[in-house]
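Colleague: Structure provided below as structure tokens; questions to follow.
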Amino acid sequence: MQLQQTPVKFSAAQKVVVWEAFDVADPMVTAAGKLYEKTLTADERIPWMWIEQSVQDRTKSKPRPGGWSRHLILAAPEGRQDDPDALAGYVYGALLPGYGGYLCYVGVAESARRMGVGGRLYDQFFKVLRVAAGELGESLPFVVWESHRPDPTAPAADWENWTARTRLFDRVGGLWVDGVDFLSPNFAFDEEDDDAPPVPLQLFIKPMDVPEAAFTPERLRDVVVGGLHRQVYRNEPGSPLYDRTLPPGCEPRLRPARAAGVRKSERGELV
Ligand SMILES: CC(C)(COP(=O)(O)OP(=O)(O)OC[C@H]1O[C@@H](n2cnc3c(N)ncnc32)[C@H](O)[C@@H]1OP(=O)(O)O)[C@@H](O)C(=O)NCCC(=O)NCCS
């Protein structure tokens, strides 16, 4: 008789394994999709199908010269890497040749939180991108990611998650790009809908081959608009999202990620 495995309950003592997914038909990838949809709001995420597609493309065809190198990394307790109930978390992102790394999404199963899984996923992602850059003969100047700060009236659970995010970012060496509200398209609305309110995002950077001191306001502006707006979102100067992200006089600067976690009241006071 085969013993049925019960849905996973993690313990801090369990060894966690992280690995890159290459098979889109793997039930662990499906489990990652479920976790993705459960942990991120609709306006923060693209359809999971696109992520699956990129995993499939990566295994079926050689990357185009200059094309993104996309990676989906999964985590599970040792010995349970085939058990979808045991999926502990995932991270997804890409190397943008000539620019840097872009971490798109990360999520950890509720029962596996605060055990270092998020940190492990980030570290593995940084390593995988280093290898991907090395394969192209490039360095990896930095990895950038975005995150949506709740508005001041959001429920306590959203603020708790924001604290978790900023502590995780801090733990993995991420720095907050203070002074910028990066305006991104709202995926909860139709692409053609001009009335869709943009989603303001905070940006975080992990300096890799370029030291922190090299990220001057000028370079940060370039990372934000030259890379994210132009390469990722295809927004050009003159488009509202591009122009409103970095209004004249905006001086972005790097600060510890924890500083982004401070909660503000509706009137902008620290609470
Ligand atoms: C944010 C998230 C990925 C963190 O994952 P995690 O595996 O719990 O994080 P870790 O265990 O690696 O913890 C990293 C740091 O955050 C802290 N932390 C984690 N959860 C916390 C919480 N709820 N409150 C306060 N601190 C928290 C940890 O203590 C640790 O800090 P420390 O090393 O200084 O003690 C997880 O909460 C999650 O999946 N949230 C929902 C999805 C999401 O918000 N994704 C991020 C999109 S940008």
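Within each chain, counting starts at residue 1; across the structure tokens, chains are named A, B, ... in the order shown, with ligands numbered 1 upward in that order.
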Return as number ranges by chain the residues of protein, DNA or RNA that approach ligand 1 to within 9 Å, with only C-alpha atoms and all ligand atoms taken into account.
Modeller: A: 35-36, 38-40, 44, 88-91, 103-110, 112-122, 145-148, 157-158, 160-172
Colleague: What would the file look like if the residues just selected were written as a short mmCIF file (atom, residue, chain, number, x, y, z; two decimals), in the first residue's frame with C-alpha atoms?
Modeller:
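Here's the written file again_3.cif:
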```cif
data_model
loop_
_atom_site.label_atom_id
_atom_site.label_comp_id
_atom_site.auth_asym_id
_atom_site.auth_seq_id
_atom_site.Cartn_x
_atom_site.Cartn_y
_atom_site.Cartn_z
CA LEU A 35 0.63 30.21 -6.01
CA TYR A 36 1.33 33.14 -8.36
CA LYS A 38 -3.12 33.44 -5.16
CA THR A 39 -0.38 35.71 -3.86
CA LEU A 40 -0.39 38.62 -6.33
CA GLU A 44 0.28 43.30 -10.42
CA ALA A 88 7.40 26.25 -1.18
CA GLY A 89 7.85 29.11 -3.64
CA TYR A 90 8.91 30.39 -7.03
CA VAL A 91 10.74 33.30 -8.60
CA LEU A 103 13.21 40.05 -11.35
CA CYS A 104 9.51 40.04 -12.23
CA TYR A 105 7.69 37.94 -9.61
CA VAL A 106 8.32 36.02 -6.41
CA GLY A 107 5.98 34.18 -4.07
CA VAL A 108 6.26 31.86 -1.09
CA ALA A 109 3.50 29.48 0.10
CA GLU A 110 1.90 30.76 3.29
CA ALA A 112 6.56 28.15 4.21
CA ARG A 113 6.97 31.83 5.06
CA ARG A 114 9.55 33.35 7.41
CA MET A 115 11.86 30.38 6.97
CA GLY A 116 14.26 31.92 4.51
CA VAL A 117 12.65 30.51 1.34
CA GLY A 118 12.22 33.98 -0.22
CA GLY A 119 15.88 34.73 0.46
CA ARG A 120 16.99 31.43 -1.08
CA LEU A 121 14.96 32.12 -4.21
CA TYR A 122 16.52 35.56 -4.65
CA TRP A 145 12.64 44.68 -9.39
CA GLU A 146 9.41 46.52 -8.73
CA SER A 147 6.91 46.23 -5.94
CA HIS A 148 3.54 47.81 -5.25
CA ALA A 157 -2.63 42.35 5.99
CA ASP A 158 -1.43 44.28 2.94
CA GLU A 160 2.17 43.27 6.82
CA ASN A 161 3.00 41.81 3.45
CA TRP A 162 4.72 45.06 2.46
CA THR A 163 6.85 44.80 5.60
CA ALA A 164 7.69 41.20 4.67
CA ARG A 165 8.65 42.29 1.16
CA THR A 166 10.89 45.17 2.22
CA ARG A 167 12.62 43.05 4.89
CA LEU A 168 13.21 40.33 2.33
CA PHE A 169 14.59 42.89 -0.14
CA ASP A 170 16.86 44.23 2.58
CA ARG A 171 18.05 40.75 3.53
CA VAL A 172 19.09 39.98 -0.09
#
```
Colleague: Go through segment 60-103 of chain A and collect every residue that DSSP, computed from the backbone, puts in strand (DSSP E or B); the answer should be as a PyMOL selection string.
Modeller: chain A and resi 69-77+89-96+100-103
Colleague: Dump as a tab-separated table the rows for residues of segment 38-142 of chain A within 12 Å of segment 229-249 of chain A: closest atom pair and distance in Å with one decimal, only C-alpha atoms counted, ordered by chain and rising residue number.
Modeller:
```
residue	atom	partner	partner_atom	distance
A:Gly66	CA	A:Gln231	CA	11.5
A:Gly67	CA	A:Gln231	CA	10.8
A:Trp68	CA	A:Val232	CA	10.1
A:Gly93	CA	A:Val232	CA	11.6
A:Ala94	CA	A:Val232	CA	10.5
A:Leu95	CA	A:Val232	CA	11.3
A:Leu96	CA	A:Gln231	CA	8.4
A:Pro97	CA	A:Gln231	CA	10.5
A:Gly98	CA	A:Gln231	CA	10.6
A:Tyr99	CA	A:Gln231	CA	9.0
A:Gly100	CA	A:Gln231	CA	11.1
A:Gly101	CA	A:Val232	CA	11.4
A:Tyr102	CA	A:Val232	CA	9.1
A:Leu103	CA	A:Val232	CA	11.5
A:Cys104	CA	A:Val232	CA	10.5
```
Colleague: Restricting the output to all heavy atoms, write the selected residues as a short mmCIF file (atom, residue, chain, number, x, y, z; two decimals), in the first residue's frame.
Modeller:
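For reference, part22.cif as written:
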```cif
data_model
loop_
_atom_site.label_atom_id
_atom_site.label_comp_id
_atom_site.auth_asym_id
_atom_site.auth_seq_id
_atom_site.Cartn_x
_atom_site.Cartn_y
_atom_site.Cartn_z
N GLY A 66 20.59 39.03 -28.40
CA GLY A 66 20.07 40.22 -27.72
C GLY A 66 18.74 39.98 -27.04
O GLY A 66 18.21 40.86 -26.36
N GLY A 67 18.16 38.79 -27.22
CA GLY A 67 16.84 38.51 -26.63
C GLY A 67 16.93 38.24 -25.14
O GLY A 67 18.01 37.91 -24.63
N TRP A 68 15.84 38.37 -24.44
CA TRP A 68 15.81 38.13 -23.00
C TRP A 68 16.07 36.65 -22.71
O TRP A 68 15.63 35.78 -23.45
CB TRP A 68 14.43 38.45 -22.43
CG TRP A 68 14.06 39.89 -22.45
CD1 TRP A 68 14.58 40.87 -23.23
CD2 TRP A 68 13.04 40.49 -21.64
NE1 TRP A 68 13.94 42.06 -22.96
CE2 TRP A 68 13.01 41.85 -21.99
CE3 TRP A 68 12.17 40.01 -20.67
CZ2 TRP A 68 12.11 42.74 -21.40
CZ3 TRP A 68 11.28 40.89 -20.08
CH2 TRP A 68 11.26 42.25 -20.44
N GLY A 93 12.02 35.72 -13.62
CA GLY A 93 12.59 36.97 -14.12
C GLY A 93 13.49 36.70 -15.31
O GLY A 93 13.51 35.59 -15.85
N ALA A 94 14.23 37.73 -15.72
CA ALA A 94 14.99 37.61 -16.97
C ALA A 94 16.29 38.40 -16.92
O ALA A 94 16.41 39.37 -16.17
CB ALA A 94 14.14 38.13 -18.12
N LEU A 95 17.22 37.97 -17.79
CA LEU A 95 18.41 38.78 -18.06
C LEU A 95 18.10 39.57 -19.34
O LEU A 95 17.67 38.98 -20.34
CB LEU A 95 19.61 37.87 -18.31
CG LEU A 95 20.86 38.61 -18.79
CD1 LEU A 95 21.50 39.37 -17.64
CD2 LEU A 95 21.86 37.65 -19.40
N LEU A 96 18.28 40.89 -19.27
CA LEU A 96 18.09 41.72 -20.47
C LEU A 96 19.48 42.11 -20.94
O LEU A 96 20.13 42.98 -20.34
CB LEU A 96 17.28 42.97 -20.13
CG LEU A 96 15.77 42.82 -20.00
CD1 LEU A 96 15.36 41.90 -18.87
CD2 LEU A 96 15.13 44.19 -19.81
N PRO A 97 19.97 41.43 -21.99
CA PRO A 97 21.35 41.69 -22.42
C PRO A 97 21.60 43.18 -22.65
O PRO A 97 20.75 43.88 -23.18
CB PRO A 97 21.48 40.89 -23.72
CG PRO A 97 20.46 39.81 -23.58
CD PRO A 97 19.31 40.43 -22.84
N GLY A 98 22.76 43.64 -22.20
CA GLY A 98 23.11 45.04 -22.38
C GLY A 98 22.49 45.95 -21.32
O GLY A 98 22.75 47.15 -21.28
N TYR A 99 21.66 45.40 -20.48
CA TYR A 99 20.99 46.22 -19.45
C TYR A 99 21.32 45.67 -18.07
O TYR A 99 22.11 46.22 -17.32
CB TYR A 99 19.48 46.22 -19.71
CG TYR A 99 18.65 46.90 -18.63
CD1 TYR A 99 18.78 48.26 -18.37
CD2 TYR A 99 17.73 46.16 -17.87
CE1 TYR A 99 18.01 48.88 -17.38
CE2 TYR A 99 16.95 46.77 -16.88
CZ TYR A 99 17.10 48.14 -16.64
OH TYR A 99 16.35 48.74 -15.67
N GLY A 100 20.70 44.55 -17.69
CA GLY A 100 20.92 43.95 -16.37
C GLY A 100 19.88 42.88 -16.13
O GLY A 100 19.25 42.38 -17.07
N GLY A 101 19.67 42.56 -14.87
CA GLY A 101 18.68 41.54 -14.52
C GLY A 101 17.38 42.21 -14.12
O GLY A 101 17.37 43.31 -13.56
N TYR A 102 16.30 41.52 -14.38
CA TYR A 102 14.97 42.05 -14.03
C TYR A 102 14.19 40.91 -13.37
O TYR A 102 13.88 39.91 -14.01
CB TYR A 102 14.29 42.53 -15.31
CG TYR A 102 12.85 42.97 -15.16
CD1 TYR A 102 12.46 43.81 -14.11
CD2 TYR A 102 11.89 42.57 -16.08
CE1 TYR A 102 11.15 44.22 -13.99
CE2 TYR A 102 10.57 42.99 -15.97
CZ TYR A 102 10.20 43.81 -14.92
OH TYR A 102 8.90 44.22 -14.79
N LEU A 103 13.96 41.07 -12.08
CA LEU A 103 13.21 40.05 -11.35
C LEU A 103 11.74 40.46 -11.38
O LEU A 103 11.38 41.54 -10.90
CB LEU A 103 13.74 39.96 -9.91
CG LEU A 103 13.23 38.81 -9.06
CD1 LEU A 103 14.27 38.41 -8.03
CD2 LEU A 103 11.92 39.16 -8.36
N CYS A 104 10.90 39.63 -12.00
CA CYS A 104 9.51 40.04 -12.23
C CYS A 104 8.61 39.66 -11.05
O CYS A 104 7.83 40.48 -10.59
CB CYS A 104 8.95 39.39 -13.48
SG CYS A 104 9.95 39.60 -14.95
#
```
Colleague: Would you mind telling me which residue in A:Ser139, A:Pro217, A:Val144, A:Ala12 lies nearest to Ser111 of chain A when using only C-alpha atoms?
Modeller: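 Closest to Ser111 of chain A, using only C-alpha atoms: A:Ala12.
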